[in-house]
$ cat target.cif   # mmCIF, C-alpha atoms
data_protein
#
loop_
_atom_site.label_atom_id
_atom_site.label_comp_id
_atom_site.auth_asym_id
_atom_site.auth_seq_id
_atom_site.Cartn_x
_atom_site.Cartn_y
_atom_site.Cartn_z
CA MET A 1477 84.92 86.56 -49.71
CA SER A 1478 85.22 90.31 -49.90
CA GLY A 1479 84.81 92.59 -46.92
CA LYS A 1480 81.50 93.86 -48.17
CA GLN A 1481 80.09 90.34 -48.52
CA SER A 1482 81.31 89.46 -45.03
CA ILE A 1483 79.48 92.41 -43.57
CA VAL A 1484 76.24 91.37 -45.34
CA PHE A 1485 76.62 87.80 -44.14
CA ILE A 1486 77.22 88.88 -40.54
CA ALA A 1487 74.23 91.24 -40.67
CA ALA A 1488 71.98 88.47 -42.00
CA GLY A 1489 73.19 86.10 -39.29
CA ALA A 1490 72.58 88.71 -36.63
CA MET A 1491 69.10 89.31 -37.97
CA MET A 1492 68.30 85.60 -37.96
CA LEU A 1493 69.64 85.28 -34.42
CA SER A 1494 67.55 88.24 -33.37
CA VAL A 1495 64.40 86.68 -34.91
CA TRP A 1496 65.13 83.37 -33.19
CA MET A 1497 65.65 85.10 -29.87
CA MET A 1498 62.41 86.99 -30.29
CA ARG A 1499 60.51 83.80 -31.10
CA ARG A 1500 62.05 82.02 -28.13
CA GLU A 1501 61.15 84.87 -25.84
CA SER A 1502 57.62 84.93 -27.23
CA LYS A 1503 57.33 81.19 -26.74
CA LYS A 1504 58.50 81.52 -23.15
CA LYS A 1505 55.98 84.26 -22.52
CA SER A 1506 53.23 82.18 -24.14
CA THR A 1507 54.15 79.15 -22.04
CA SER A 1508 54.28 81.29 -18.93
CA ARG A 1509 50.91 82.83 -19.78
CA LYS A 1510 49.39 79.38 -20.35
CA LYS A 1511 50.72 78.20 -17.02
CA LYS A 1512 49.30 81.26 -15.32
CA ASP A 1513 45.96 80.75 -17.06
CA GLN A 1514 45.96 77.09 -16.06
CA LYS A 1515 46.79 77.97 -12.47
CA GLN A 1516 44.03 80.54 -12.47
CA ARG A 1517 41.57 78.02 -13.88
CA ASP A 1518 42.67 75.45 -11.30
CA ARG A 1519 42.24 78.04 -8.59
CA GLN A 1520 38.74 78.84 -9.83
CA VAL A 1521 37.86 75.14 -9.94
CA ASP A 1522 39.11 74.78 -6.38
CA ILE A 1523 37.02 77.75 -5.28
CA VAL A 1524 33.90 76.37 -7.01
CA SER A 1525 34.51 72.92 -5.55
CA LYS A 1526 34.93 74.34 -2.08
CA LYS A 1527 31.75 76.39 -2.43
CA ALA A 1528 29.86 73.34 -3.70
CA ALA A 1529 31.16 71.32 -0.77
CA GLU A 1530 30.14 74.07 1.65
CA ILE A 1531 26.65 74.23 0.12
CA ALA A 1532 26.33 70.45 0.34
CA MET A 1533 27.47 70.51 3.96
CA ARG A 1534 25.00 73.27 4.79
CA ALA A 1535 22.19 71.38 3.04
CA LYS A 1536 23.06 68.20 4.91
CA SER A 1537 23.28 70.10 8.16
CA LYS A 1538 19.94 71.77 7.45
CA GLU A 1539 18.35 68.41 6.60
CA GLU A 1540 19.64 66.90 9.82
CA GLU A 1541 18.46 69.96 11.68
CA THR A 1542 15.02 69.60 10.07
CA GLU A 1543 14.87 65.94 11.05
CA VAL A 1544 15.83 66.83 14.59
CA THR A 1545 13.27 69.64 14.63
CA GLU A 1546 10.52 67.33 13.34
CA GLN A 1547 11.46 64.71 15.89
CA GLU A 1548 11.47 67.30 18.67
CA GLU A 1549 8.11 68.60 17.45
CA SER A 1550 6.71 65.08 17.36
CA ASN A 1551 7.99 64.42 20.87
CA TYR A 1552 6.60 67.75 22.01
CA LYS A 1553 3.19 66.98 20.52
CA SER A 1554 3.25 63.55 22.11
CA GLU A 1555 4.12 64.98 25.50
CA TRP A 1556 1.63 67.81 25.04
CA SER A 1557 -1.19 65.49 23.97
CA GLU A 1558 -0.78 63.45 27.14
CA HIS A 1559 -2.06 66.44 29.09
CA LEU A 1560 -5.11 67.05 26.89
CA PRO A 1561 -8.57 66.38 28.34
CA GLY A 1562 -9.96 62.94 27.64
CA HIS A 1563 -12.82 64.16 25.45
CA ILE A 1564 -10.39 65.96 23.12
CA LEU A 1565 -8.21 62.86 22.84
CA ARG A 1566 -11.30 60.82 21.99
CA GLU A 1567 -12.26 63.28 19.26
CA GLN A 1568 -8.74 63.14 17.82
CA TYR A 1569 -8.91 59.36 17.84
CA LYS A 1570 -12.30 59.40 16.12
CA GLU A 1571 -10.98 61.75 13.43
CA ARG A 1572 -7.99 59.50 12.76
CA ARG A 1573 -10.24 56.45 12.55
CA ARG A 1574 -12.62 58.28 10.21
CA LYS A 1575 -9.81 59.17 7.81
CA GLU A 1576 -8.51 55.60 7.90
CA LYS A 1577 -11.96 54.25 6.97
CA LEU A 1578 -12.61 56.71 4.13
CA PRO A 1579 -11.18 54.43 1.39
CA MET A 1580 -13.57 51.68 2.51
CA LEU A 1581 -16.63 53.91 2.86
CA ALA A 1582 -16.17 55.96 -0.31
CA MET A 1583 -17.66 54.95 -3.63
CA LYS A 1584 -15.46 52.65 -5.70
CA SER A 1585 -16.91 53.80 -9.03
CA GLN A 1586 -18.70 56.83 -10.42
CA MET A 1587 -22.25 57.42 -9.26
CA TYR A 1588 -23.54 58.73 -12.58
CA ASP A 1589 -22.95 57.05 -15.95
CA ASN A 1590 -25.25 59.44 -17.84
CA ILE A 1591 -26.53 56.94 -20.41
CA THR A 1592 -29.27 58.67 -22.39
CA MET A 1593 -32.44 56.67 -23.01
CA PHE A 1594 -34.66 57.47 -26.00
CA CYS A 1595 -38.13 56.28 -26.87
CA PRO A 1596 -38.78 54.59 -30.26
CA GLU A 1597 -39.73 57.98 -31.73
CA GLY A 1598 -36.32 59.38 -30.82
CA ARG A 1599 -37.42 61.58 -27.93
CA GLN A 1600 -35.16 61.69 -24.88
CA LEU A 1601 -36.69 60.06 -21.82
CA SER A 1602 -34.07 60.10 -19.06
CA GLN A 1603 -30.49 59.54 -17.97
CA ILE A 1604 -29.86 56.05 -16.59
CA SER A 1605 -26.97 54.00 -15.27
CA SER A 1606 -24.78 51.79 -17.42
CA LYS A 1607 -26.02 48.75 -15.51
CA LYS A 1608 -29.66 49.50 -16.31
CA ALA A 1609 -28.84 50.25 -19.94
CA LYS A 1610 -27.09 46.89 -20.32
CA TRP A 1611 -30.11 45.18 -18.76
CA TYR A 1612 -32.43 46.75 -21.35
CA VAL A 1613 -30.12 45.67 -24.18
CA GLN A 1614 -29.67 42.12 -22.85
CA LYS A 1615 -33.45 41.73 -22.56
CA GLN A 1616 -33.75 43.01 -26.15
CA LEU A 1617 -35.84 45.91 -24.90
CA ALA A 1618 -33.40 48.46 -26.32
CA THR A 1619 -30.50 48.85 -28.73
CA TRP A 1620 -27.30 50.87 -28.44
CA ILE A 1621 -27.02 54.13 -30.36
CA GLY A 1622 -23.57 55.04 -31.62
CA GLU A 1623 -20.24 53.31 -31.11
CA ASP A 1624 -19.47 54.83 -27.71
CA ASN A 1625 -22.48 53.14 -26.04
CA LYS A 1626 -23.60 56.38 -24.41
CA ALA A 1627 -27.26 56.10 -25.45
CA ILE A 1628 -29.94 53.46 -25.97
CA LYS A 1629 -33.20 53.44 -27.88
CA LEU A 1630 -36.15 51.48 -26.55
CA THR A 1631 -37.84 48.92 -28.77
CA PHE A 1632 -41.20 49.37 -27.04
CA GLU A 1633 -43.44 52.28 -26.18
CA PRO A 1634 -43.04 53.27 -22.48
CA LYS A 1635 -46.12 53.71 -20.33
CA ALA A 1636 -45.12 57.10 -18.96
CA ARG A 1637 -42.86 59.90 -20.12
CA SER A 1638 -41.14 62.65 -18.21
CA ASP A 1639 -41.98 66.28 -18.87
CA GLU A 1640 -39.51 68.72 -20.40
CA GLY A 1641 -36.96 69.95 -17.89
CA ASP A 1642 -37.43 66.90 -15.68
CA TYR A 1643 -34.64 66.14 -13.22
CA GLY A 1644 -34.37 62.62 -14.59
CA ARG A 1645 -33.34 63.91 -18.03
CA SER A 1646 -30.55 66.19 -16.86
CA LEU A 1647 -26.86 65.28 -16.95
CA LYS A 1648 -25.32 64.76 -13.52
CA GLN A 1649 -21.70 65.54 -12.76
CA ASN A 1650 -19.64 63.19 -10.61
CA ILE A 1651 -18.60 65.94 -8.23
CA CYS A 1652 -19.61 67.07 -4.76
CA ILE A 1653 -22.78 69.08 -5.29
CA ALA A 1654 -21.88 71.32 -2.35
CA CYS A 1655 -18.27 72.38 -2.98
CA GLY A 1656 -17.72 71.01 -6.49
CA ASP A 1657 -14.73 68.85 -5.58
CA GLY A 1658 -14.27 65.80 -7.77
CA GLU A 1659 -10.94 64.50 -6.45
CA LYS A 1660 -11.62 63.64 -2.80
CA TYR A 1661 -13.38 60.52 -1.59
CA GLN A 1662 -17.02 60.74 -2.67
CA MET A 1663 -20.00 59.27 -0.87
CA ARG A 1664 -23.74 58.95 -1.41
CA PHE A 1665 -25.85 61.10 0.86
CA TYR A 1666 -29.55 60.58 1.54
CA ILE A 1667 -31.24 63.95 1.90
CA VAL A 1668 -34.09 62.23 3.72
CA PRO A 1669 -32.15 60.10 6.26
CA HIS A 1670 -31.88 56.47 5.29
CA VAL A 1671 -33.41 55.28 8.58
CA TYR A 1672 -36.64 57.07 7.59
CA ARG A 1673 -36.46 56.29 3.88
CA THR A 1674 -36.27 52.52 4.46
CA LEU A 1675 -39.57 52.69 6.38
CA PHE A 1676 -41.40 54.57 3.62
CA PRO A 1677 -43.90 52.84 1.32
CA LYS A 1678 -42.40 51.80 -2.02
CA ARG A 1679 -43.92 54.69 -3.96
CA TYR A 1680 -41.80 57.13 -1.92
CA LYS A 1681 -38.47 55.41 -2.49
CA THR A 1682 -38.64 53.31 -5.69
CA HIS A 1683 -37.24 55.12 -8.75
CA MET A 1684 -36.71 58.21 -6.60
CA SER A 1685 -33.06 59.14 -7.00
CA HIS A 1686 -33.84 62.84 -6.60
CA ASP A 1687 -33.06 62.73 -2.88
CA VAL A 1688 -29.82 60.74 -3.19
CA VAL A 1689 -26.90 63.06 -3.98
CA LEU A 1690 -23.12 62.99 -4.15
CA LEU A 1691 -20.95 64.67 -1.49
CA CYS A 1692 -17.24 64.66 -0.72
CA ALA A 1693 -16.14 63.20 2.61
CA ASP A 1694 -15.86 66.57 4.36
CA CYS A 1695 -19.25 67.84 3.22
CA HIS A 1696 -20.76 64.43 3.99
CA LEU A 1697 -19.50 64.66 7.58
CA LYS A 1698 -20.79 68.20 7.99
CA MET A 1699 -24.22 67.41 6.57
CA GLY A 1700 -24.45 64.07 8.38
CA THR A 1701 -23.79 65.71 11.75
CA ALA A 1702 -26.44 68.36 11.12
CA ALA A 1703 -28.94 65.72 9.97
CA ASN A 1704 -28.36 63.62 13.10
CA ASN A 1705 -28.99 66.64 15.30
CA ARG A 1706 -32.25 67.37 13.50
CA MET A 1707 -33.31 63.74 13.76
CA ASN A 1708 -32.81 63.86 17.52
CA GLU A 1709 -34.89 67.02 17.75
CA ILE A 1710 -37.72 65.47 15.73
CA GLU A 1711 -37.72 62.21 17.67
CA ASP A 1712 -37.59 63.96 21.04
CA GLU A 1713 -41.06 65.33 20.30
CA PHE A 1714 -42.39 61.76 20.53
CA ASN A 1715 -40.73 61.11 23.91
CA PRO A 1716 -39.26 57.76 22.84
CA GLN A 1717 -38.46 55.27 25.56
CA GLN A 1718 -34.90 54.20 26.20
CA ARG A 1719 -33.95 50.89 24.66
CA PHE A 1720 -31.87 49.86 27.66
CA ALA A 1721 -32.07 50.55 31.37
CA THR A 1722 -28.95 50.41 33.51
CA ASN A 1723 -28.53 47.98 36.38
CA GLN A 1724 -26.78 50.44 38.69
CA ARG A 1725 -25.45 47.79 41.05
CA GLN A 1726 -23.95 45.75 38.22
CA TYR A 1727 -22.56 48.91 36.63
CA LYS A 1728 -20.83 49.93 39.88
CA VAL A 1729 -19.28 46.48 40.33
CA ARG A 1730 -18.14 46.43 36.70
CA SER A 1731 -16.49 49.86 37.09
CA ALA A 1732 -14.62 48.66 40.18
CA ALA A 1733 -13.41 45.54 38.34
CA LEU A 1734 -12.28 47.63 35.36
CA ALA A 1735 -10.32 49.95 37.62
CA LEU A 1736 -8.56 47.05 39.35
CA LEU A 1737 -7.75 45.31 36.08
CA ASN A 1738 -6.48 48.27 34.07
CA TRP A 1739 -5.39 51.03 36.46
CA ARG A 1740 -4.42 49.38 39.72
CA HIS A 1741 -0.88 50.80 39.47
CA LYS A 1742 -2.25 54.37 39.33
CA ILE A 1743 -4.90 54.11 42.05
CA PRO A 1744 -4.21 54.98 45.71
CA GLU A 1745 -4.14 52.05 48.12
CA GLN A 1746 -7.23 53.29 49.93
CA LYS A 1747 -9.23 53.35 46.69
CA ILE A 1748 -7.96 49.89 45.75
CA SER A 1749 -9.30 48.55 49.04
CA VAL A 1750 -12.72 50.09 48.34
CA HIS A 1751 -12.86 48.55 44.84
CA GLU A 1752 -11.77 45.14 46.11
CA ALA A 1753 -14.40 45.25 48.84
CA THR A 1754 -17.07 46.06 46.22
CA VAL A 1755 -16.00 43.15 44.02
CA ARG A 1756 -15.72 40.67 46.90
CA GLN A 1757 -19.17 41.62 48.20
CA TYR A 1758 -20.63 41.06 44.73
CA LEU A 1759 -18.98 37.64 44.45
CA THR A 1760 -20.33 36.70 47.87
CA GLU A 1761 -23.86 37.72 46.85
CA GLU A 1762 -23.47 35.67 43.67
CA LYS A 1763 -22.45 32.69 45.84
CA THR A 1764 -18.94 32.54 44.39
CA PRO A 1765 -16.97 34.03 47.29
CA ILE A 1766 -13.19 34.33 47.32
CA PRO A 1767 -11.28 33.90 50.60
CA GLU A 1768 -10.14 37.20 52.03
CA ASN A 1769 -6.48 36.23 51.86
CA ASP A 1770 -6.70 35.22 48.18
CA LEU A 1771 -5.96 37.76 45.47
CA LEU A 1772 -8.50 38.75 42.86
CA THR A 1773 -7.19 37.23 39.64
CA ASN A 1774 -7.44 38.87 36.23
CA GLU A 1775 -9.72 36.05 35.10
CA THR A 1776 -12.16 36.77 37.93
CA LEU A 1777 -12.15 40.50 37.21
CA GLN A 1778 -12.67 39.92 33.49
CA ARG A 1779 -15.59 37.59 34.20
CA ILE A 1780 -17.29 40.37 36.19
CA ILE A 1781 -16.58 42.92 33.45
CA ASP A 1782 -18.17 40.68 30.81
CA VAL A 1783 -21.51 40.56 32.64
CA ASP A 1784 -23.99 42.82 30.82
CA TYR A 1785 -25.18 45.62 33.09
CA ARG A 1786 -27.92 46.74 30.66
CA ILE A 1787 -31.57 45.68 30.86
CA GLU A 1788 -33.45 45.72 27.55
CA ASN A 1789 -36.82 47.46 27.49
CA PRO A 1790 -39.43 45.08 25.97
CA ASN A 1791 -41.69 48.03 25.07
CA TYR A 1792 -39.00 49.94 23.22
CA ILE A 1793 -39.98 51.43 19.83
CA PRO A 1794 -37.20 53.07 17.78
CA GLY A 1795 -37.53 56.80 17.21
CA PRO A 1796 -37.59 56.56 13.38
CA VAL A 1797 -40.51 54.11 13.58
CA LEU A 1798 -42.46 56.53 15.78
CA VAL A 1799 -41.81 59.38 13.35
CA VAL A 1800 -42.75 57.48 10.18
CA ASN A 1801 -45.82 55.88 11.78
CA SER A 1802 -47.13 59.35 12.58
CA ILE A 1803 -47.10 60.47 8.92
CA VAL A 1804 -47.21 57.36 6.73
CA ASN A 1805 -51.00 57.31 6.36
CA ASP A 1806 -51.26 60.97 5.38
CA GLN A 1807 -49.93 61.89 1.92
CA GLU A 1808 -49.80 65.58 2.73
CA LYS A 1809 -47.75 64.97 5.88
CA MET A 1810 -45.43 62.67 3.95
CA ALA A 1811 -44.88 65.33 1.30
CA ASP A 1812 -44.26 68.03 3.91
CA PHE A 1813 -41.83 65.77 5.78
CA ILE A 1814 -39.77 64.96 2.68
CA ARG A 1815 -39.70 68.55 1.44
CA SER A 1816 -38.72 69.81 4.89
CA TRP A 1817 -35.60 67.64 4.69
CA ARG A 1818 -34.82 69.00 1.23
CA ARG A 1819 -35.17 72.53 2.55
CA PHE A 1820 -32.98 71.70 5.54
CA PHE A 1821 -30.34 70.24 3.21
CA VAL A 1822 -30.21 73.38 1.05
CA ASN A 1823 -30.12 75.75 4.03
CA THR A 1824 -27.38 73.76 5.77
CA ILE A 1825 -24.87 72.87 3.06
CA HIS A 1826 -25.75 75.59 0.48
CA PRO A 1827 -25.12 73.37 -2.58
CA ARG A 1828 -23.74 75.22 -5.61
CA PHE A 1829 -23.68 72.37 -8.12
CA LEU A 1830 -27.14 70.82 -7.98
CA PRO A 1831 -28.21 69.08 -11.21
CA ASP A 1832 -30.65 70.86 -13.48
CA GLY A 1833 -34.20 70.14 -12.48
CA TRP A 1834 -33.46 69.50 -8.81
CA SER A 1835 -36.00 71.32 -6.68
CA ILE A 1836 -37.40 71.34 -3.17
CA GLU A 1837 -40.88 71.13 -4.71
CA TYR A 1838 -40.01 68.16 -6.93
CA ALA A 1839 -42.34 65.14 -6.77
CA VAL A 1840 -42.05 63.06 -3.60
CA ALA A 1841 -43.49 59.83 -5.03
CA CYS A 1842 -42.71 57.90 -8.20
CA ASP A 1843 -46.34 58.03 -9.36
CA GLU A 1844 -46.59 61.77 -8.80
CA LYS A 1845 -46.15 64.23 -11.65
CA PRO A 1846 -42.81 66.09 -11.28
CA THR A 1847 -42.97 69.80 -10.57
CA ALA A 1848 -40.16 72.27 -11.07
#
$ encode --input "target.cif" --output "structure tokens"
Amino acid sequence: MSGKQSIVFIAAGAMMLSVWMMRRESKKKSTSRKKKDQKQRDRQVDIVSKKAAEIAMRAKSKEEETEVTEQEESNYKSEWSEHLPGHILREQYKERRRKEKLPMLAMKSQMYDNITMFCPEGRQLSQISSKKAKWYVQKQLATWIGEDNKAIKLTFEPKARSDEGDYGRSLKQNICIACGDGEKYQMRFYIVPHVYRTLFPKRYKTHMSHDVVLLCADCHLKMGTAANNRMNEIEDEFNPQQRFATNQRQYKVRSAALALLNWRHKIPEQKISVHEATVRQYLTEEKTPIPENDLLTNETLQRIIDVDYRIENPNYIPGPVLVVNSIVNDQEKMADFIRSWRRFFVNTIHPRFLPDGWSIEYAVACDEKPTA
């Protein structure tokens, strides 16, 4: 090998070594960079994990704090309610009981089915319930119209027909006619109180759905309370007698027995002696005395409590009977009475969703021509 060739060979080897060294260095740097990147990613994951753990701990702590706060609030309310006056506690109890009974008192199905009834000529007569429509069909007095069974057509000519715009022909929505709510518990409401309506002659209550409307539970309570107050005002004008008189002596003895049976541990000794003396004197008068050294047993006290202290009045006439008897023989008074309740209903609850055709001046009897 000549000197020139040797130099070329050495230069090529040096170049190859240099390239290898450069690649090795680059590989080291790449590996180092990857390790750094991995460490950085691991560090970020650790940071995120720690933050997530902190958030979870704070959430758990907040939840526990909320539970403690709710428990403290419940305890506070319980302690606070113990110091409320008795009449407020009774009202709270009544409200709880009312809400518990709502599912039982509310309607289980819709009030209005809106089945349209047509005469043989095809003229609309009225809106009726599904039950009544099925009765007509089963008796072969009508046939269904359409596949959805939302209308029937009579097979006979009816004796009477409603005028145009009659309340009976209008569609009724299954919502509270006062506030429009259709989700809450819904209840029938008698605009003329049911205690009066049941005493009316048949012509004033048969086929007269005009004065039976749909209200939600809240509006029903509001309107019912107002109606009861007005009933009391009306009946007070007739000075009705009390149904029961109170036997004051028996009432006093019963109160003493109740106190001894239920609240002896809270009553001062002096008061206990007074109550026991009252009870013992009563037992002596009833010829069932108890020796002075013997204790009054719970059975004896309960027997005294169970004795009725009320005396029924044989001449008692219920207020609704007095009211209806004063108007039942006068058609004009009956009409004024019914329409006064309609007017009172509108002025009290201010209904915004009354069905078309509903009116204070609407007919008050089934054989009376409807008026708008």
$ closest_residue --input "target.cif" --among "A:Leu1736, A:Ala1627, A:Leu1617, A:Val1804" --to "A:Leu1771" --atoms "all atoms listed in the file"
A:Leu1736
$ resolve_selection --input "target.cif" --expression "the PyMOL selection byres ((chain A and resi 1668-1680) around 10)" --output "PDB file with C-alpha atoms, in the coordinates of the input"
ATOM      1  CA  PHE A1665     -25.850  61.100   0.860  1.00  0.00           C
ATOM      2  CA  TYR A1666     -29.550  60.580   1.540  1.00  0.00           C
ATOM      3  CA  ILE A1667     -31.240  63.950   1.900  1.00  0.00           C
ATOM      4  CA  LYS A1681     -38.470  55.410  -2.490  1.00  0.00           C
ATOM      5  CA  THR A1682     -38.640  53.310  -5.690  1.00  0.00           C
ATOM      6  CA  HIS A1683     -37.240  55.120  -8.750  1.00  0.00           C
ATOM      7  CA  MET A1684     -36.710  58.210  -6.600  1.00  0.00           C
ATOM      8  CA  ASP A1687     -33.060  62.730  -2.880  1.00  0.00           C
ATOM      9  CA  VAL A1688     -29.820  60.740  -3.190  1.00  0.00           C
ATOM     10  CA  GLY A1700     -24.450  64.070   8.380  1.00  0.00           C
ATOM     11  CA  ALA A1703     -28.940  65.720   9.970  1.00  0.00           C
ATOM     12  CA  ASN A1704     -28.360  63.620  13.100  1.00  0.00           C
ATOM     13  CA  MET A1707     -33.310  63.740  13.760  1.00  0.00           C
ATOM     14  CA  GLY A1795     -37.530  56.800  17.210  1.00  0.00           C
ATOM     15  CA  PRO A1796     -37.590  56.560  13.380  1.00  0.00           C
ATOM     16  CA  VAL A1797     -40.510  54.110  13.580  1.00  0.00           C
ATOM     17  CA  VAL A1799     -41.810  59.380  13.350  1.00  0.00           C
ATOM     18  CA  VAL A1800     -42.750  57.480  10.180  1.00  0.00           C
ATOM     19  CA  ASN A1801     -45.820  55.880  11.780  1.00  0.00           C
ATOM     20  CA  ILE A1803     -47.100  60.470   8.920  1.00  0.00           C
ATOM     21  CA  VAL A1804     -47.210  57.360   6.730  1.00  0.00           C
ATOM     22  CA  ASN A1805     -51.000  57.310   6.360  1.00  0.00           C
ATOM     23  CA  MET A1810     -45.430  62.670   3.950  1.00  0.00           C
ATOM     24  CA  ALA A1811     -44.880  65.330   1.300  1.00  0.00           C
ATOM     25  CA  PHE A1813     -41.830  65.770   5.780  1.00  0.00           C
ATOM     26  CA  ILE A1814     -39.770  64.960   2.680  1.00  0.00           C
ATOM     27  CA  ARG A1815     -39.700  68.550   1.440  1.00  0.00           C
ATOM     28  CA  SER A1816     -38.720  69.810   4.890  1.00  0.00           C
ATOM     29  CA  TRP A1817     -35.600  67.640   4.690  1.00  0.00           C
ATOM     30  CA  ARG A1818     -34.820  69.000   1.230  1.00  0.00           C
ATOM     31  CA  PHE A1820     -32.980  71.700   5.540  1.00  0.00           C
ATOM     32  CA  PHE A1821     -30.340  70.240   3.210  1.00  0.00           C
ATOM     33  CA  ALA A1839     -42.340  65.140  -6.770  1.00  0.00           C
ATOM     34  CA  VAL A1840     -42.050  63.060  -3.600  1.00  0.00           C
ATOM     35  CA  ALA A1841     -43.490  59.830  -5.030  1.00  0.00           C
ATOM     36  CA  CYS A1842     -42.710  57.900  -8.200  1.00  0.00           C
ATOM     37  CA  ASP A1843     -46.340  58.030  -9.360  1.00  0.00           C
ATOM     38  CA  GLU A1844     -46.590  61.770  -8.800  1.00  0.00           C
TER      39      GLU A1844
END
$ residues_near_point --input "target.cif" --point "(-15.0, 55.8, 3.6)" --cutoff "12 Å" --atoms "only C-alpha atoms" --output "ChimeraX atom specification"
/A:1573-1584,1660-1664,1691-1694,1696-1697
$ atom_distance --input "target.cif" --atom1 "atom CA of A:Asn1590" --atom2 "atom CA of A:Lys1607"
11.0 Å
$ closest_residue --input "target.cif" --among "A:Lys1648, A:Arg1730, A:Lys1570, A:His1741" --to "A:Leu1690" --atoms "only C-alpha atoms"
A:Lys1648
$ closest_residue --input "target.cif" --among "A:Lys1610, A:Lys1615, A:Arg1786, A:Arg1645" --to "A:Phe1632" --atoms "only C-alpha atoms"
A:Lys1615
$ axis_aligned_box --input "target.cif" --around "stretch 1558-1568 of chain A" --padding-each-side "3 Å" --output "lines of an AutoDock Vina configuration file"
center_x = -6.8
center_y = 63.9
center_z = 23.5
size_x = 18.0
size_y = 12.2
size_z = 17.3
$ closest_residue --input "target.cif" --among "A:Arg1828, A:Arg1719, A:Lys1763, A:Lys1698" --to "A:Ile1787" --atoms "all atoms listed in the file"
A:Arg1719
$ resolve_selection --input "target.cif" --expression "the PyMOL selection byres ((chain A and resi 1742-1750) around 12)" --output "PyMOL selection string"
chain A and resi 1728-1729+1731-1741+1751-1757+1768+1771-1772
$ write_last_selection --input "target.cif" --atoms "C-alpha atoms" --output "PDB file, keeping the file's coordinate frame"
ATOM      1  CA  LYS A1728     -20.830  49.930  39.880  1.00  0.00           C
ATOM      2  CA  VAL A1729     -19.280  46.480  40.330  1.00  0.00           C
ATOM      3  CA  SER A1731     -16.490  49.860  37.090  1.00  0.00           C
ATOM      4  CA  ALA A1732     -14.620  48.660  40.180  1.00  0.00           C
ATOM      5  CA  ALA A1733     -13.410  45.540  38.340  1.00  0.00           C
ATOM      6  CA  LEU A1734     -12.280  47.630  35.360  1.00  0.00           C
ATOM      7  CA  ALA A1735     -10.320  49.950  37.620  1.00  0.00           C
ATOM      8  CA  LEU A1736      -8.560  47.050  39.350  1.00  0.00           C
ATOM      9  CA  LEU A1737      -7.750  45.310  36.080  1.00  0.00           C
ATOM     10  CA  ASN A1738      -6.480  48.270  34.070  1.00  0.00           C
ATOM     11  CA  TRP A1739      -5.390  51.030  36.460  1.00  0.00           C
ATOM     12  CA  ARG A1740      -4.420  49.380  39.720  1.00  0.00           C
ATOM     13  CA  HIS A1741      -0.880  50.800  39.470  1.00  0.00           C
ATOM     14  CA  HIS A1751     -12.860  48.550  44.840  1.00  0.00           C
ATOM     15  CA  GLU A1752     -11.770  45.140  46.110  1.00  0.00           C
ATOM     16  CA  ALA A1753     -14.400  45.250  48.840  1.00  0.00           C
ATOM     17  CA  THR A1754     -17.070  46.060  46.220  1.00  0.00           C
ATOM     18  CA  VAL A1755     -16.000  43.150  44.020  1.00  0.00           C
ATOM     19  CA  ARG A1756     -15.720  40.670  46.900  1.00  0.00           C
ATOM     20  CA  GLN A1757     -19.170  41.620  48.200  1.00  0.00           C
ATOM     21  CA  GLU A1768     -10.140  37.200  52.030  1.00  0.00           C
ATOM     22  CA  LEU A1771      -5.960  37.760  45.470  1.00  0.00           C
ATOM     23  CA  LEU A1772      -8.500  38.750  42.860  1.00  0.00           C
TER      24      LEU A1772
END
$ atom_distance --input "target.cif" --atom1 "atom CA of A:Val1689" --atom2 "atom CA of A:Ile1653"
7.4 Å
$ atom_distance --input "target.cif" --atom1 "atom CA of A:Cys1655" --atom2 "atom CA of A:Pro1831"
13.3 Å
$ residues_around --input "target.cif" --residues "A:Asn1789" --least-positions-apart "3" --cutoff "7 Å" --atoms "only C-alpha atoms" --output "NGL selection string"
:A and (1719-1721 or 1792)
$ write_last_selection --input "target.cif" --atoms "C-alpha atoms" --output "compact mmCIF listing (two decimals), in the frame of the given file"
# COMPACT_ATOMS: atom_id res chain seq x y z
CA ARG A 1719 -33.95 50.89 24.66
CA PHE A 1720 -31.87 49.86 27.66
CA ALA A 1721 -32.07 50.55 31.37
CA TYR A 1792 -39.00 49.94 23.22
$ residues_near_point --input "target.cif" --point "(-23.8, 72.6, -5.2)" --cutoff "8 Å" --atoms "all atoms listed in the file" --output "count of residues only"
10
$ resolve_selection --input "target.cif" --expression "the PyMOL selection byres ((chain A and resi 1594) around 12)" --output "ChimeraX atom specification"
/A:1591-1593,1595-1604,1609,1612,1617-1621,1626-1634,1637-1638,1645
$ closest_residue --input "target.cif" --among "A:Glu1659, A:Asp1812, A:Glu1788, A:Asp1806" --to "A:Gln1586" --atoms "all atoms listed in the file"
A:Glu1659
